[in-house]
Amino acid sequence: MDNMMEFGLTPQLPYSVEEAINRLRINISFLGSDVRKIMIISSEPNEGKSFVALNLWNQMAEAGEKTLLIDADMRNSNMHVKYDMKRNDGKEMKGTSHYLAGNAELDEVLVHTKYGKGDLIPNVENIINPSMLLESPKFAELLDSMAERYRYVFIDAPPLGLVSDAERIGNMCDGAILCVRSGITAKGVVRESVRQLERAGCPLLGIVLNRVNESKSGYYHGYYGKKYGGHYYGKYYGSNDK
């Protein structure tokens, strides 16, 4: 596979953000070898799940873990535009929806990057109703085959509260990380998201409290997590009461 992709992550993340992502990466490494397919999810739009997914993938790849990020938000993805993703061979970019619809081969959509051992399957063409594609055996086979080739497969999925796509994806994953926007997302919405994951048979690995205003936080390190295998994971964000 010779195709390469060039794009730029957010340069020089604030130390607190970089350290939070790094702590999340380390906590994920404690989950064991059976946890490979991890869905990054939110309850609602604009909670920062794609930012978390991309930077977590980056840190994991730079740490030497063979890691793949799949953009499966096929209804409303803008990742490839926001981060100016381009193939360096000048060929047309194709991605998740093209592959699942049978309009591209795997080696046309699976691309290398300059970030350590990180590869990526972008989504470059949104579609109105991807449910049929997500329910097809081809998607499950893709996740399983990639989990054999990569130590971690992160899946950026649509918000749980909008459509049922995320539940379908979660049913095929080993666990999910739920991104919650500090001070915005209601507790009841978060509880419903947890119930949806349980209904899908997708273990909740932890909750990331995102976009915390540290100036209003009494401390930086706090507990979020979900007990998983006898351990608490993800003591890294900050807030006294959110």
# chains A, B, ... in the order shown; residues from 1 in each chain; ligands from 1
$ select_by_dssp --residues "region 4-222 of chain A" --states "alpha helix (DSSP H)" --output "VMD selection string"
chain A and resid 15 to 29 49 to 62 79 to 82 96 to 100 106 to 109 131 to 135 137 to 149 165 to 170 187 to 200
$ write_last_selection --atoms "C-alpha atoms" --output "mmCIF file, in the first residue's frame"
data_model
loop_
_atom_site.group_PDB
_atom_site.id
_atom_site.type_symbol
_atom_site.label_atom_id
_atom_site.label_comp_id
_atom_site.auth_asym_id
_atom_site.auth_seq_id
_atom_site.Cartn_x
_atom_site.Cartn_y
_atom_site.Cartn_z
ATOM 1 C CA TYR A 15 -0.355 21.268 28.207
ATOM 2 C CA SER A 16 -3.459 20.330 30.194
ATOM 3 C CA VAL A 17 -5.207 19.010 27.063
ATOM 4 C CA GLU A 18 -2.176 17.102 25.843
ATOM 5 C CA GLU A 19 -1.664 15.570 29.282
ATOM 6 C CA ALA A 20 -5.350 14.621 29.493
ATOM 7 C CA ILE A 21 -5.201 12.802 26.150
ATOM 8 C CA ASN A 22 -1.979 11.113 27.214
ATOM 9 C CA ARG A 23 -3.544 9.927 30.466
ATOM 10 C CA LEU A 24 -6.514 8.590 28.522
ATOM 11 C CA ARG A 25 -4.117 6.731 26.204
ATOM 12 C CA ILE A 26 -2.346 5.153 29.187
ATOM 13 C CA ASN A 27 -5.617 4.161 30.856
ATOM 14 C CA ILE A 28 -6.789 2.489 27.654
ATOM 15 C CA SER A 29 -3.593 0.444 27.580
ATOM 16 C CA LYS A 49 -15.701 13.570 20.013
ATOM 17 C CA SER A 50 -13.819 13.853 16.699
ATOM 18 C CA PHE A 51 -11.159 16.019 18.341
ATOM 19 C CA VAL A 52 -10.727 13.427 21.098
ATOM 20 C CA ALA A 53 -10.708 10.536 18.598
ATOM 21 C CA LEU A 54 -8.118 12.121 16.322
ATOM 22 C CA ASN A 55 -5.743 13.211 19.073
ATOM 23 C CA LEU A 56 -6.076 9.933 20.974
ATOM 24 C CA TRP A 57 -5.318 8.052 17.747
ATOM 25 C CA ASN A 58 -2.329 10.328 17.158
ATOM 26 C CA GLN A 59 -0.839 9.821 20.607
ATOM 27 C CA MET A 60 -1.362 6.069 20.474
ATOM 28 C CA ALA A 61 0.345 5.869 17.061
ATOM 29 C CA GLU A 62 3.225 8.113 18.120
ATOM 30 C CA MET A 79 -13.019 15.747 9.636
ATOM 31 C CA HIS A 80 -11.340 15.567 6.240
ATOM 32 C CA VAL A 81 -12.261 19.200 5.507
ATOM 33 C CA LYS A 82 -11.431 20.583 8.945
ATOM 34 C CA THR A 96 -15.687 4.781 4.453
ATOM 35 C CA SER A 97 -18.936 5.303 2.559
ATOM 36 C CA HIS A 98 -17.251 4.545 -0.790
ATOM 37 C CA TYR A 99 -15.831 1.275 0.522
ATOM 38 C CA LEU A 100 -19.034 0.055 2.181
ATOM 39 C CA LEU A 106 -9.835 -1.279 0.812
ATOM 40 C CA ASP A 107 -6.402 -0.243 -0.455
ATOM 41 C CA GLU A 108 -7.996 2.872 -1.979
ATOM 42 C CA VAL A 109 -9.424 4.111 1.319
ATOM 43 C CA SER A 131 -27.946 2.549 8.093
ATOM 44 C CA MET A 132 -28.002 -0.113 5.375
ATOM 45 C CA LEU A 133 -24.223 0.132 5.002
ATOM 46 C CA LEU A 134 -23.658 -0.152 8.752
ATOM 47 C CA GLU A 135 -25.953 -3.176 8.984
ATOM 48 C CA PRO A 137 -21.774 -7.835 6.928
ATOM 49 C CA LYS A 138 -19.104 -5.832 5.103
ATOM 50 C CA PHE A 139 -18.813 -3.292 7.919
ATOM 51 C CA ALA A 140 -18.538 -5.923 10.652
ATOM 52 C CA GLU A 141 -15.974 -7.770 8.562
ATOM 53 C CA LEU A 142 -14.007 -4.552 8.121
ATOM 54 C CA LEU A 143 -13.835 -3.957 11.874
ATOM 55 C CA ASP A 144 -12.867 -7.553 12.624
ATOM 56 C CA SER A 145 -10.180 -7.708 9.938
ATOM 57 C CA MET A 146 -8.709 -4.375 11.028
ATOM 58 C CA ALA A 147 -8.644 -5.525 14.659
ATOM 59 C CA GLU A 148 -6.415 -8.398 13.526
ATOM 60 C CA ARG A 149 -4.023 -6.028 11.760
ATOM 61 C CA ASP A 165 -26.159 4.407 13.790
ATOM 62 C CA ALA A 166 -23.987 4.509 16.908
ATOM 63 C CA GLU A 167 -25.893 1.661 18.547
ATOM 64 C CA ARG A 168 -25.319 -0.483 15.467
ATOM 65 C CA ILE A 169 -21.615 0.327 15.516
ATOM 66 C CA GLY A 170 -21.371 -0.193 19.281
ATOM 67 C CA LYS A 187 -27.176 14.586 33.099
ATOM 68 C CA GLY A 188 -30.361 12.955 31.818
ATOM 69 C CA VAL A 189 -28.972 12.950 28.282
ATOM 70 C CA VAL A 190 -25.787 11.268 29.505
ATOM 71 C CA ARG A 191 -27.793 8.651 31.404
ATOM 72 C CA GLU A 192 -29.820 7.899 28.272
ATOM 73 C CA SER A 193 -26.587 7.493 26.275
ATOM 74 C CA VAL A 194 -25.323 4.999 28.837
ATOM 75 C CA ARG A 195 -28.594 3.072 28.524
ATOM 76 C CA GLN A 196 -28.262 3.056 24.745
ATOM 77 C CA LEU A 197 -24.767 1.599 24.979
ATOM 78 C CA GLU A 198 -26.002 -1.054 27.404
ATOM 79 C CA ARG A 199 -28.841 -1.905 25.023
ATOM 80 C CA ALA A 200 -26.301 -2.286 22.218
#
$ select_by_dssp --residues "region 4-188 of chain A" --states "strand (DSSP E or B)" --output "PyMOL selection string"
chain A and resi 4-6+37-42+67-71+86-87+111-112+118-121+152-156+175-181
$ residues_around --residues "Leu209 (chain A)" --least-positions-apart "3" --cutoff "6 Å" --atoms "only C-alpha atoms" --output "PDB file with N, CA and C atoms, in the first residue's frame"
ATOM      1  N   VAL A 180     -18.468  14.046  26.784  1.00  0.00           N
ATOM      2  CA  VAL A 180     -19.514  14.877  27.355  1.00  0.00           C
ATOM      3  C   VAL A 180     -18.996  16.310  27.449  1.00  0.00           C
ATOM      4  N   ARG A 181     -19.759  17.259  26.948  1.00  0.00           N
ATOM      5  CA  ARG A 181     -19.342  18.658  27.004  1.00  0.00           C
ATOM      6  C   ARG A 181     -19.675  19.261  28.368  1.00  0.00           C
ATOM      7  N   SER A 182     -18.648  19.743  29.042  1.00  0.00           N
ATOM      8  CA  SER A 182     -18.798  20.269  30.395  1.00  0.00           C
ATOM      9  C   SER A 182     -19.749  21.454  30.439  1.00  0.00           C
TER      10      SER A 182
END
$ closest_residue --among "A:Val153, A:Ile128, A:Met93, A:Ala63" --to "Asp34 (chain A)" --atoms "only C-alpha atoms"
A:Val153
$ closest_residue --among "A:Leu162, A:Met39, A:Met5, A:Ile121" --to "Gly90 (chain A)" --atoms "only C-alpha atoms"
A:Met5
$ closest_residue --among "A:Asp119, A:Asp156, A:Glu47, A:Asp174" --to "Glu65 (chain A)" --atoms "only C-alpha atoms"
A:Asp119
$ closest_residue --among "A:Val35, A:Ile40, A:Ile127, A:Ala72" --to "Ile177 (chain A)" --atoms "only C-alpha atoms"
A:Ile40
$ atom_distance --atom1 "CA of Asp73 (chain A)" --atom2 "CA of Asn3 (chain A)"
22.5 Å
$ closest_residue --among "A:Ser42, A:Glu6, A:Gly48, A:Lys114" --to "Arg211 (chain A)" --atoms "only C-alpha atoms"
A:Gly48
